[in-house]
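**Q** One file: target_13.cif (mmCIF, C-alpha atoms).
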data_work
loop_
_atom_site.group_PDB
_atom_site.id
_atom_site.type_symbol
_atom_site.label_atom_id
_atom_site.label_comp_id
_atom_site.auth_asym_id
_atom_site.auth_seq_id
_atom_site.Cartn_x
_atom_site.Cartn_y
_atom_site.Cartn_z
ATOM 1 C CA MET W 21 134.906 95.656 89.682
ATOM 2 C CA PHE W 22 132.892 96.329 86.575
ATOM 3 C CA GLY W 23 131.917 94.151 83.647
ATOM 4 C CA PHE W 24 133.028 90.783 85.068
ATOM 5 C CA PRO W 25 130.209 88.488 86.183
ATOM 6 C CA GLY W 26 130.620 86.148 89.135
ATOM 7 C CA HIS W 27 132.388 82.864 88.435
ATOM 8 C CA GLY W 28 132.191 79.473 90.096
ATOM 9 C CA MET W 29 134.613 76.568 90.202
ATOM 10 C CA GLY W 30 136.644 76.112 87.008
ATOM 11 C CA GLY W 31 135.967 79.692 85.860
ATOM 12 C CA MET W 32 132.405 78.996 84.681
ATOM 13 C CA PRO W 33 129.968 81.827 85.485
ATOM 14 C CA ARG W 34 127.209 80.845 87.935
ATOM 15 C CA GLN W 35 125.254 84.117 88.347
ATOM 16 C CA PHE W 36 125.167 87.559 86.856
ATOM 17 C CA ASP W 37 126.318 89.944 89.604
ATOM 18 C CA GLU W 38 127.597 93.369 88.569
ATOM 19 C CA MET W 39 128.114 96.867 89.938
ATOM 20 C CA TYR W 40 127.164 99.838 87.763
ATOM 21 C CA SER W 41 127.030 103.607 88.021
ATOM 22 C CA CYS W 42 123.305 104.424 88.025
ATOM 23 C CA PHE W 43 121.650 107.277 86.123
ATOM 24 C CA PRO W 44 117.998 108.212 85.451
ATOM 25 C CA GLY W 45 116.464 106.912 82.248
ATOM 26 C CA ALA W 46 116.031 110.481 80.979
ATOM 27 C CA PHE W 47 119.833 110.656 80.551
ATOM 28 C CA HIS W 48 119.601 107.954 77.895
ATOM 29 C CA GLY W 49 116.778 109.688 76.032
ATOM 30 C CA LYS W 50 114.616 106.551 75.902
ATOM 31 C CA GLU W 51 110.941 107.490 76.051
ATOM 32 C CA GLY W 52 108.534 105.617 78.309
ATOM 33 C CA MET W 53 111.077 104.401 80.875
ATOM 34 C CA GLU W 54 109.245 106.146 83.723
ATOM 35 C CA GLU W 55 106.058 104.242 82.877
ATOM 36 C CA GLY W 56 107.528 100.865 83.771
ATOM 37 C CA ASP W 57 110.230 99.105 85.783
ATOM 38 C CA LYS W 58 112.708 98.114 83.069
ATOM 39 C CA ILE W 59 116.372 99.194 83.021
ATOM 40 C CA ILE W 60 119.013 99.565 80.317
ATOM 41 C CA LEU W 61 122.307 97.681 80.717
ATOM 42 C CA PRO W 62 125.544 97.628 78.689
ATOM 43 C CA GLU W 63 126.040 95.194 75.822
ATOM 44 C CA SER W 64 128.618 93.302 77.881
ATOM 45 C CA ALA W 65 125.838 92.350 80.290
ATOM 46 C CA LEU W 66 123.982 90.623 77.455
ATOM 47 C CA ASP W 67 127.115 88.665 76.531
ATOM 48 C CA ALA W 68 127.545 87.528 80.118
ATOM 49 C CA LEU W 69 123.888 86.558 80.501
ATOM 50 C CA ALA W 70 124.000 84.585 77.245
ATOM 51 C CA ARG W 71 126.595 82.292 78.851
ATOM 52 C CA LEU W 72 124.347 81.652 81.849
ATOM 53 C CA ASP W 73 121.401 79.331 82.211
ATOM 54 C CA VAL W 74 118.974 82.180 83.029
ATOM 55 C CA GLU W 75 115.200 82.093 82.988
ATOM 56 C CA TYR W 76 113.185 84.269 80.656
ATOM 57 C CA PRO W 77 111.939 86.891 80.951
ATOM 58 C CA MET W 78 115.114 88.148 82.595
ATOM 59 C CA LEU W 79 114.527 89.592 86.059
ATOM 60 C CA PHE W 80 117.052 91.412 88.214
ATOM 61 C CA GLN W 81 117.545 92.413 91.815
ATOM 62 C CA LEU W 82 118.814 95.957 92.336
ATOM 63 C CA THR W 83 120.577 96.770 95.603
ATOM 64 C CA ASN W 84 121.913 100.006 97.025
ATOM 65 C CA LYS W 85 124.914 98.772 99.003
ATOM 66 C CA GLN W 86 125.044 101.998 100.990
ATOM 67 C CA ASN W 87 121.711 101.500 102.762
ATOM 68 C CA GLY W 88 120.632 97.941 101.857
ATOM 69 C CA ASN W 89 117.487 99.011 99.961
ATOM 70 C CA VAL W 90 116.403 96.374 97.453
ATOM 71 C CA THR W 91 113.973 96.289 94.542
ATOM 72 C CA HIS W 92 113.413 94.180 91.413
ATOM 73 C CA CYS W 93 113.010 94.951 87.721
ATOM 74 C CA GLY W 94 113.181 93.729 84.144
ATOM 75 C CA VAL W 95 115.478 94.785 81.323
ATOM 76 C CA LEU W 96 114.497 96.969 78.373
ATOM 77 C CA GLU W 97 117.618 96.731 76.208
ATOM 78 C CA PHE W 98 121.413 96.490 76.291
ATOM 79 C CA SER W 99 122.602 99.811 74.907
ATOM 80 C CA ALA W 100 124.063 101.651 77.899
ATOM 81 C CA PRO W 101 127.722 102.767 77.927
ATOM 82 C CA GLU W 102 130.036 100.279 79.632
ATOM 83 C CA GLY W 103 129.965 100.582 83.400
ATOM 84 C CA ASN W 104 126.638 102.453 83.427
ATOM 85 C CA ALA W 105 123.002 101.479 83.951
ATOM 86 C CA PHE W 106 119.943 103.596 83.248
ATOM 87 C CA VAL W 107 117.091 103.170 85.728
ATOM 88 C CA PRO W 108 113.627 104.789 86.053
ATOM 89 C CA TYR W 109 113.856 107.763 88.369
ATOM 90 C CA TRP W 110 111.094 106.465 90.661
ATOM 91 C CA THR W 111 113.158 103.267 91.105
ATOM 92 C CA MET W 112 116.186 105.333 92.110
ATOM 93 C CA SER W 113 113.947 107.124 94.622
ATOM 94 C CA ASN W 114 112.904 103.799 96.172
ATOM 95 C CA LEU W 115 116.572 102.831 96.496
ATOM 96 C CA MET W 116 117.489 106.345 97.739
ATOM 97 C CA LEU W 117 120.226 106.284 95.129
ATOM 98 C CA PRO W 118 121.811 109.550 93.868
ATOM 99 C CA GLU W 119 122.768 110.133 90.242
ATOM 100 C CA GLY W 120 126.005 108.306 89.545
ATOM 101 C CA GLY W 121 125.687 106.167 92.667
ATOM 102 C CA LEU W 122 126.748 102.524 92.562
ATOM 103 C CA ILE W 123 124.095 99.869 92.184
ATOM 104 C CA GLN W 124 124.398 96.082 92.362
ATOM 105 C CA VAL W 125 122.550 94.183 89.599
ATOM 106 C CA LYS W 126 121.918 90.445 90.002
ATOM 107 C CA ASN W 127 119.762 88.129 87.900
ATOM 108 C CA VAL W 128 117.074 86.351 89.944
ATOM 109 C CA SER W 129 114.154 83.977 89.527
ATOM 110 C CA LEU W 130 110.860 85.132 91.076
ATOM 111 C CA PRO W 131 107.574 83.268 91.601
ATOM 112 C CA LYS W 132 104.402 84.313 89.792
ATOM 113 C CA ALA W 133 102.363 86.814 91.780
ATOM 114 C CA THR W 134 98.877 85.823 92.917
ATOM 115 C CA TYR W 135 97.935 88.813 95.085
ATOM 116 C CA VAL W 136 99.106 92.427 95.367
ATOM 117 C CA LYS W 137 97.729 95.154 97.640
ATOM 118 C CA PHE W 138 98.349 98.817 96.856
ATOM 119 C CA GLN W 139 97.912 101.960 98.947
ATOM 120 C CA PRO W 140 97.579 105.312 97.121
ATOM 121 C CA GLN W 141 99.758 107.947 98.749
ATOM 122 C CA HIS W 142 97.154 110.680 98.314
ATOM 123 C CA VAL W 143 93.369 110.838 98.302
ATOM 124 C CA ASP W 144 93.364 112.448 94.857
ATOM 125 C CA PHE W 145 93.829 108.940 93.401
ATOM 126 C CA LEU W 146 90.122 108.466 94.139
ATOM 127 C CA ASP W 147 89.338 111.213 91.626
ATOM 128 C CA ILE W 148 90.229 108.820 88.794
ATOM 129 C CA ASN W 149 87.070 107.505 87.180
ATOM 130 C CA ASN W 150 88.147 103.837 87.224
ATOM 131 C CA PRO W 151 91.370 103.530 89.277
ATOM 132 C CA ARG W 152 91.511 99.720 89.101
ATOM 133 C CA ALA W 153 91.412 99.743 85.297
ATOM 134 C CA VAL W 154 94.073 102.466 85.169
ATOM 135 C CA LEU W 155 96.351 100.491 87.504
ATOM 136 C CA GLU W 156 95.887 97.215 85.621
ATOM 137 C CA PHE W 157 96.708 98.944 82.332
ATOM 138 C CA THR W 158 99.841 100.534 83.841
ATOM 139 C CA LEU W 159 101.085 97.233 85.279
ATOM 140 C CA ARG W 160 101.357 95.844 81.749
ATOM 141 C CA SER W 161 104.613 97.800 81.490
ATOM 142 C CA PHE W 162 105.996 96.193 84.658
ATOM 143 C CA SER W 163 107.871 92.929 85.074
ATOM 144 C CA CYS W 164 107.659 92.417 88.820
ATOM 145 C CA VAL W 165 106.586 93.991 92.108
ATOM 146 C CA THR W 166 108.410 94.321 95.425
ATOM 147 C CA LYS W 167 106.818 94.904 98.828
ATOM 148 C CA GLY W 168 107.570 98.399 100.131
ATOM 149 C CA ASP W 169 108.161 99.981 96.712
ATOM 150 C CA GLN W 170 106.233 103.030 95.559
ATOM 151 C CA LEU W 171 105.120 102.897 91.944
ATOM 152 C CA CYS W 172 104.635 106.035 89.872
ATOM 153 C CA ILE W 173 101.540 106.005 87.640
ATOM 154 C CA PRO W 174 101.320 108.858 85.110
ATOM 155 C CA TYR W 175 97.716 109.601 84.165
ATOM 156 C CA ASN W 176 96.132 112.690 82.575
ATOM 157 C CA ASP W 177 99.318 114.766 82.928
ATOM 158 C CA LYS W 178 99.543 113.942 86.620
ATOM 159 C CA LYS W 179 101.653 111.477 88.586
ATOM 160 C CA TYR W 180 100.105 109.208 91.209
ATOM 161 C CA TYR W 181 102.185 107.206 93.678
ATOM 162 C CA LEU W 182 101.070 103.864 95.103
ATOM 163 C CA GLU W 183 102.914 101.890 97.779
ATOM 164 C CA ILE W 184 102.969 98.103 97.498
ATOM 165 C CA LYS W 185 101.746 96.963 100.918
ATOM 166 C CA GLU W 186 101.540 93.211 100.355
ATOM 167 C CA VAL W 187 102.677 90.660 97.768
ATOM 168 C CA LYS W 188 101.891 86.947 97.605
ATOM 169 C CA PRO W 189 103.299 84.298 97.519
ATOM 170 C CA ALA W 190 106.550 86.198 98.308
ATOM 171 C CA ASP W 191 107.640 89.777 99.037
ATOM 172 C CA ALA W 192 108.850 90.016 95.411
ATOM 173 C CA ALA W 193 107.058 88.349 92.507
ATOM 174 C CA CYS W 194 106.774 88.363 88.726
ATOM 175 C CA ILE W 195 103.569 89.785 87.191
ATOM 176 C CA ILE W 196 104.213 88.883 83.539
ATOM 177 C CA GLU W 197 101.459 86.741 81.998
ATOM 178 C CA CYS W 198 99.820 85.762 85.265
ATOM 179 C CA ASP W 199 96.429 86.198 86.903
ATOM 180 C CA VAL W 200 96.895 88.612 89.809
ATOM 181 C CA ASN W 201 94.249 89.579 92.360
ATOM 182 C CA ILE W 202 94.623 93.332 92.948
ATOM 183 C CA ASP W 203 93.413 94.966 96.138
ATOM 184 C CA PHE W 204 93.462 98.519 97.500
ATOM 185 C CA GLU W 205 94.034 99.955 100.948
ATOM 186 C CA ALA W 206 92.525 103.301 101.925
ATOM 187 C CA PRO W 207 94.656 106.203 100.616
ATOM 188 C CA VAL W 208 96.970 108.036 102.965
ATOM 189 C CA GLY W 209 95.019 110.865 104.619
ATOM 190 C CA TYR W 210 91.625 109.381 103.786
ATOM 191 C CA VAL W 211 88.948 109.951 106.459
ATOM 192 C CA GLU W 212 85.824 107.808 106.469
ATOM 193 C CA PRO W 213 82.731 110.069 106.299
ATOM 194 C CA GLN W 214 80.616 109.959 109.458
ATOM 195 C CA ARG W 215 77.076 108.792 108.890
ATOM 196 C CA GLN W 216 74.518 110.077 111.382
ATOM 197 C CA ALA W 217 71.502 107.853 111.903
ATOM 198 C CA GLN W 218 68.307 109.728 111.210
ATOM 199 C CA GLU W 219 65.347 108.817 113.398
ATOM 200 C CA LEU W 220 62.125 108.421 111.469
ATOM 201 C CA ALA W 221 59.507 109.998 113.747
ATOM 202 C CA PRO W 222 55.878 110.778 112.706
ATOM 203 C CA SER W 223 55.331 114.437 111.994
ATOM 204 C CA LYS W 224 53.412 116.324 114.652
ATOM 205 C CA PRO W 225 50.590 118.780 113.761
ATOM 206 C CA ASN W 226 51.512 122.414 114.136
ATOM 207 C CA LEU W 227 49.100 123.353 116.964
ATOM 208 C CA PRO W 228 49.104 126.650 118.869
ATOM 209 C CA ALA W 229 50.493 126.651 122.360
ATOM 210 C CA PRO W 230 47.886 126.107 125.113
ATOM 211 C CA GLN W 231 46.665 129.288 126.759
ATOM 212 C CA LYS W 232 46.829 129.562 130.535
ATOM 213 C CA ALA W 233 44.057 131.194 132.523
ATOM 214 C CA GLN W 234 45.021 134.617 133.749
ATOM 215 C CA VAL W 235 44.593 135.204 137.481
ATOM 216 C CA ASN W 236 44.088 138.733 138.686
ATOM 217 C CA GLU W 237 46.188 139.062 141.802
ATOM 218 C CA GLY W 238 45.082 142.673 142.491
ATOM 219 C CA PRO W 239 43.000 143.682 145.533
ATOM 220 C CA ALA W 240 39.421 142.547 145.376
ATOM 221 C CA GLU W 241 36.860 145.301 144.977
ATOM 222 C CA ASP W 242 34.393 145.827 147.774
ATOM 223 C CA VAL W 243 31.139 144.096 146.914
ATOM 224 C CA PRO W 244 28.072 145.438 148.743
ATOM 225 C CA LYS W 245 26.505 142.853 151.013
ATOM 226 C CA PHE W 246 22.826 142.042 150.929
ATOM 227 C CA ILE W 247 21.031 143.237 154.060
ATOM 228 C CA PRO W 248 17.467 141.974 154.268
ATOM 229 C CA PHE W 249 14.728 144.397 155.168
ATOM 230 C CA ALA W 250 17.106 147.339 154.955
ATOM 231 C CA GLY W 251 14.601 149.583 153.122
ATOM 232 C CA GLY W 252 12.799 152.496 154.732
ATOM 233 C CA ALA W 253 9.099 152.357 155.848
ATOM 234 C CA GLN W 254 6.337 154.499 154.352
ATOM 235 C CA ARG W 255 2.584 154.935 154.692
ATOM 236 C CA ILE W 256 0.133 153.258 152.319
ATOM 237 C CA ASP W 257 -1.458 156.584 151.410
ATOM 238 C CA GLY W 258 2.000 157.866 150.344
ATOM 239 C CA LYS W 259 2.205 160.546 153.060
ATOM 240 C CA SER W 260 5.290 160.979 155.182
ATOM 241 C CA LEU W 261 5.488 159.218 158.508
ATOM 242 C CA LYS W 262 5.325 161.232 161.616
ATOM 243 C CA PRO W 263 8.589 161.432 163.585
ATOM 244 C CA ALA W 264 7.321 159.010 166.204
ATOM 245 C CA GLN W 265 6.119 156.549 163.557
ATOM 246 C CA ALA W 266 9.388 156.769 161.565
ATOM 247 C CA LYS W 267 11.443 156.048 164.675
ATOM 248 C CA ALA W 268 9.323 153.069 165.576
ATOM 249 C CA ALA W 269 9.620 151.722 162.013
ATOM 250 C CA GLU W 270 13.428 152.017 162.140
ATOM 251 C CA GLU W 271 13.567 150.081 165.427
ATOM 252 C CA VAL W 272 11.425 147.289 163.967
ATOM 253 C CA ASN W 273 13.564 147.058 160.830
ATOM 254 C CA ALA W 274 16.721 146.852 162.900
ATOM 255 C CA VAL W 275 15.363 143.967 164.989
ATOM 256 C CA VAL W 276 14.182 142.064 161.877
ATOM 257 C CA ALA W 277 17.450 142.596 160.064
ATOM 258 C CA GLY W 278 19.427 141.332 163.016
ATOM 259 C CA HIS W 279 17.386 138.108 163.177
ATOM 260 C CA ALA W 280 17.803 137.650 159.401
ATOM 261 C CA LEU W 281 21.580 138.097 159.481
ATOM 262 C CA GLY W 282 21.817 135.674 162.348
ATOM 263 C CA ALA W 283 19.921 133.067 160.369
ATOM 264 C CA LEU W 284 22.177 133.543 157.312
ATOM 265 C CA GLY W 285 25.344 133.261 159.363
#
Take the structure from the file and write it as structure tokens.

**A**
Amino acid sequence: MFGFPGHGMGGMPRQFDEMYSCFPGAFHGKEGMEEGDKIILPESALDALARLDVEYPMLFQLTNKQNGNVTHCGVLEFSAPEGNAFVPYWTMSNLMLPEGGLIQVKNVSLPKATYVKFQPQHVDFLDINNPRAVLEFTLRSFSCVTKGDQLCIPYNDKKYYLEIKEVKPADAACIIECDVNIDFEAPVGYVEPQRQAQELAPSKPNLPAPQKAQVNEGPAEDVPKFIPFAGGAQRIDGKSLKPAQAKAAEEVNAVVAGHALGALG
């Protein structure tokens, strides 16, 4: 049923719990809806909430009954046609909700967030000069965070998506006027650069290579041996020896040479 909040005993409403047909915020023509998490509800929702003892700021739980996906949000205004709700498109993507699909809207009370960890869905998020400052500025347009959601952050005509990996003290928490510790996980697809240790070794002088002695392995040349007293005999007056004298001189030389070679051996 539409437009009738839940009632307790005696017909008094106890909680806002409605079903609406869901459409992207662009259908309403309200600028800036994609930069936050706030939705637009019908005026009848405001009347019903006014009769409840609700906490401010108003926070809501959105549930896709078809698959059980749940997220949380705030409210921007109450100007939607009856039976309809306008929701940021990235929120519909988290809920896997088609245009015109039914969505359950319940008012809830959430604790103040103390810690939120985000994981960029692409490494190009690291190209932003100061990503933490950009994220903190963007979160000013948000009312709450839910673990498992992917937030869309428009920056410099480009959209960056960050998944909420962890929320403390609960899986869903309010981030309005509270001190939140923001942390980042490595982006999807990020690879840590490998650092190779460089050994610091003293530089060596550039010396020429040592030269090896060349060995001639060719056949050794015949070296004439020294033969003592191998010369021929001649007369003191310079005249030629007679045949008998020359023969006797040769015999003497041969005997002397033989004794000399024997002594050298």

**Q** As an MDAnalysis selection string, please: the residues near Ser129 of chain W (cut-off 9 Å, all atoms listed in the file, same-chain neighbours under 6 positions excluded).

**A** chainID W and resid 74:76 78:80 193:194

**Q** On this structure, which residues satisfy the PyMOL selection byres ((chain W and resi 98) around 9), written as a ChimeraX atom specification?

**A** /W:59-66,95-97,99-100

**Q** Tell me which residues the PyMOL selection byres ((chain W and resi 85-94) around 6) grabs here, as a PyMOL selection string.

**A** chain W and resi 57-58+79-84+95+115+163+166

**Q** Set the distance at 12 Å and use all atoms listed in the file: which residues neighbour Asp144 of chain W once local chain neighbours fewer than 2 positions away are removed? I'd like the list as a list of chain:residue names.

**A**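 Surrounding residues, per the criterion: W:Pro140, W:Gln141, W:His142, W:Leu146, W:Asp147, W:Ile148, W:Asn149, W:Pro151, W:Tyr175, W:Lys178, W:Lys179, W:Tyr180, W:Tyr181, W:Leu182, W:Ala206, W:Pro207, W:Val208, W:Gly209, W:Tyr210.
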
**Q** How would the residues just chosen look if you wrote them out with C-alpha atoms as a JSON list (two decimals), in the frame of the given file?

**A**
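Written out: out19.json:
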[["chain", "number", "residue", "atom", "x", "y", "z"],
["W", 140, "PRO", "CA", 97.58, 105.31, 97.12],
["W", 141, "GLN", "CA", 99.76, 107.95, 98.75],
["W", 142, "HIS", "CA", 97.15, 110.68, 98.31],
["W", 146, "LEU", "CA", 90.12, 108.47, 94.14],
["W", 147, "ASP", "CA", 89.34, 111.21, 91.63],
["W", 148, "ILE", "CA", 90.23, 108.82, 88.79],
["W", 149, "ASN", "CA", 87.07, 107.50, 87.18],
["W", 151, "PRO", "CA", 91.37, 103.53, 89.28],
["W", 175, "TYR", "CA", 97.72, 109.60, 84.16],
["W", 178, "LYS", "CA", 99.54, 113.94, 86.62],
["W", 179, "LYS", "CA", 101.65, 111.48, 88.59],
["W", 180, "TYR", "CA", 100.10, 109.21, 91.21],
["W", 181, "TYR", "CA", 102.18, 107.21, 93.68],
["W", 182, "LEU", "CA", 101.07, 103.86, 95.10],
["W", 206, "ALA", "CA", 92.52, 103.30, 101.92],
["W", 207, "PRO", "CA", 94.66, 106.20, 100.62],
["W", 208, "VAL", "CA", 96.97, 108.04, 102.96],
["W", 209, "GLY", "CA", 95.02, 110.86, 104.62],
["W", 210, "TYR", "CA", 91.62, 109.38, 103.79]]

**Q** Could you tell me how far atom CA of Ala190 of chain W lies from atom CA of Ala133 of chain W, in Å and to one decimal?

**A** 7.8 Å

**Q** In Å, with one decimal, what is the gap from atom CA of Ile202 of chain W to atom CA of Tyr135 of chain W?

**A**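 Pair atom CA of Ile202 of chain W / atom CA of Tyr135 of chain W returns 6.0 Å.
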
**Q** Which distance in Å separates atom CA of Val107 of chain W and atom CA of Met53 of chain W, to one decimal?

**A**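 Here the two named atoms are 7.8 Å from each other.
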
**Q** Do you know which residues the PyMOL selection byres ((chain W and resi 118) around 10) returns on this file, as a compact mmCIF listing (two decimals) with C-alpha atoms, keeping the file's coordinate frame?

**A**
# COMPACT_ATOMS: atom_id res chain seq x y z
CA SER W 41 127.03 103.61 88.02
CA CYS W 42 123.30 104.42 88.02
CA PHE W 43 121.65 107.28 86.12
CA PRO W 44 118.00 108.21 85.45
CA TYR W 109 113.86 107.76 88.37
CA MET W 112 116.19 105.33 92.11
CA SER W 113 113.95 107.12 94.62
CA LEU W 115 116.57 102.83 96.50
CA MET W 116 117.49 106.34 97.74
CA LEU W 117 120.23 106.28 95.13
CA GLU W 119 122.77 110.13 90.24
CA GLY W 120 126.00 108.31 89.54
CA GLY W 121 125.69 106.17 92.67
CA LEU W 122 126.75 102.52 92.56

**Q** Output segment 79-88 of chain W with all heavy atoms present, as a JSON list (two decimals), in the coordinates of the input.

**A**
[["chain", "number", "residue", "atom", "x", "y", "z"],
["W", 79, "LEU", "N", 114.87, 88.75, 84.91],
["W", 79, "LEU", "CA", 114.53, 89.59, 86.06],
["W", 79, "LEU", "C", 115.78, 89.84, 86.88],
["W", 79, "LEU", "O", 116.65, 88.97, 86.99],
["W", 79, "LEU", "CB", 113.45, 88.93, 86.92],
["W", 79, "LEU", "CG", 112.13, 88.59, 86.21],
["W", 79, "LEU", "CD1", 111.18, 87.88, 87.17],
["W", 79, "LEU", "CD2", 111.47, 89.85, 85.65],
["W", 80, "PHE", "N", 115.84, 91.03, 87.49],
["W", 80, "PHE", "CA", 117.05, 91.41, 88.21],
["W", 80, "PHE", "C", 116.70, 91.99, 89.58],
["W", 80, "PHE", "O", 115.64, 92.58, 89.78],
["W", 80, "PHE", "CB", 117.84, 92.45, 87.42],
["W", 80, "PHE", "CG", 118.31, 91.96, 86.07],
["W", 80, "PHE", "CD1", 117.51, 92.13, 84.95],
["W", 80, "PHE", "CD2", 119.54, 91.33, 85.94],
["W", 80, "PHE", "CE1", 117.93, 91.68, 83.72],
["W", 80, "PHE", "CE2", 119.97, 90.88, 84.71],
["W", 80, "PHE", "CZ", 119.16, 91.04, 83.59],
["W", 81, "GLN", "N", 117.64, 91.80, 90.49],
["W", 81, "GLN", "CA", 117.54, 92.41, 91.82],
["W", 81, "GLN", "C", 118.51, 93.58, 91.85],
["W", 81, "GLN", "O", 119.70, 93.43, 91.56],
["W", 81, "GLN", "CB", 117.90, 91.41, 92.91],
["W", 81, "GLN", "CG", 117.94, 92.02, 94.31],
["W", 81, "GLN", "CD", 118.30, 90.99, 95.36],
["W", 81, "GLN", "OE1", 117.50, 90.09, 95.66],
["W", 81, "GLN", "NE2", 119.51, 91.09, 95.92],
["W", 82, "LEU", "N", 117.99, 94.76, 92.22],
["W", 82, "LEU", "CA", 118.81, 95.96, 92.34],
["W", 82, "LEU", "C", 119.01, 96.29, 93.81],
["W", 82, "LEU", "O", 118.04, 96.33, 94.58],
["W", 82, "LEU", "CB", 118.15, 97.15, 91.63],
["W", 82, "LEU", "CG", 117.73, 96.93, 90.16],
["W", 82, "LEU", "CD1", 117.10, 98.22, 89.61],
["W", 82, "LEU", "CD2", 118.89, 96.48, 89.31],
["W", 83, "THR", "N", 120.27, 96.53, 94.20],
["W", 83, "THR", "CA", 120.58, 96.77, 95.60],
["W", 83, "THR", "C", 121.46, 97.99, 95.73],
["W", 83, "THR", "O", 122.47, 98.13, 95.01],
["W", 83, "THR", "CB", 121.30, 95.55, 96.23],
["W", 83, "THR", "OG1", 120.51, 94.38, 96.03],
["W", 83, "THR", "CG2", 121.52, 95.77, 97.71],
["W", 84, "ASN", "N", 121.07, 98.88, 96.64],
["W", 84, "ASN", "CA", 121.91, 100.01, 97.02],
["W", 84, "ASN", "C", 122.76, 99.54, 98.21],
["W", 84, "ASN", "O", 122.26, 99.37, 99.32],
["W", 84, "ASN", "CB", 121.06, 101.21, 97.42],
["W", 84, "ASN", "CG", 121.90, 102.43, 97.77],
["W", 84, "ASN", "OD1", 123.12, 102.35, 97.90],
["W", 84, "ASN", "ND2", 121.25, 103.57, 97.95],
["W", 85, "LYS", "N", 124.02, 99.31, 97.96],
["W", 85, "LYS", "CA", 124.91, 98.77, 99.00],
["W", 85, "LYS", "C", 125.11, 99.74, 100.16],
["W", 85, "LYS", "O", 125.50, 99.33, 101.26],
["W", 85, "LYS", "CB", 126.27, 98.42, 98.38],
["W", 85, "LYS", "CG", 126.25, 97.19, 97.48],
["W", 85, "LYS", "CD", 126.03, 95.93, 98.31],
["W", 85, "LYS", "CE", 126.24, 94.69, 97.48],
["W", 85, "LYS", "NZ", 126.07, 93.45, 98.28],
["W", 86, "GLN", "N", 124.83, 101.01, 99.94],
["W", 86, "GLN", "CA", 125.04, 102.00, 100.99],
["W", 86, "GLN", "C", 124.00, 101.89, 102.10],
["W", 86, "GLN", "O", 124.30, 102.13, 103.27],
["W", 86, "GLN", "CB", 125.02, 103.41, 100.38],
["W", 86, "GLN", "CG", 126.15, 103.67, 99.40],
["W", 86, "GLN", "CD", 127.52, 103.61, 100.05],
["W", 86, "GLN", "OE1", 127.71, 104.06, 101.19],
["W", 86, "GLN", "NE2", 128.48, 103.03, 99.34],
["W", 87, "ASN", "N", 122.76, 101.56, 101.74],
["W", 87, "ASN", "CA", 121.71, 101.50, 102.76],
["W", 87, "ASN", "C", 120.97, 100.16, 102.80],
["W", 87, "ASN", "O", 120.11, 99.95, 103.65],
["W", 87, "ASN", "CB", 120.70, 102.64, 102.56],
["W", 87, "ASN", "CG", 120.10, 102.64, 101.15],
["W", 87, "ASN", "OD1", 120.07, 101.63, 100.47],
["W", 87, "ASN", "ND2", 119.63, 103.81, 100.72],
["W", 88, "GLY", "N", 121.27, 99.25, 101.86],
["W", 88, "GLY", "CA", 120.63, 97.94, 101.86],
["W", 88, "GLY", "C", 119.27, 97.90, 101.20],
["W", 88, "GLY", "O", 118.62, 96.84, 101.21]]
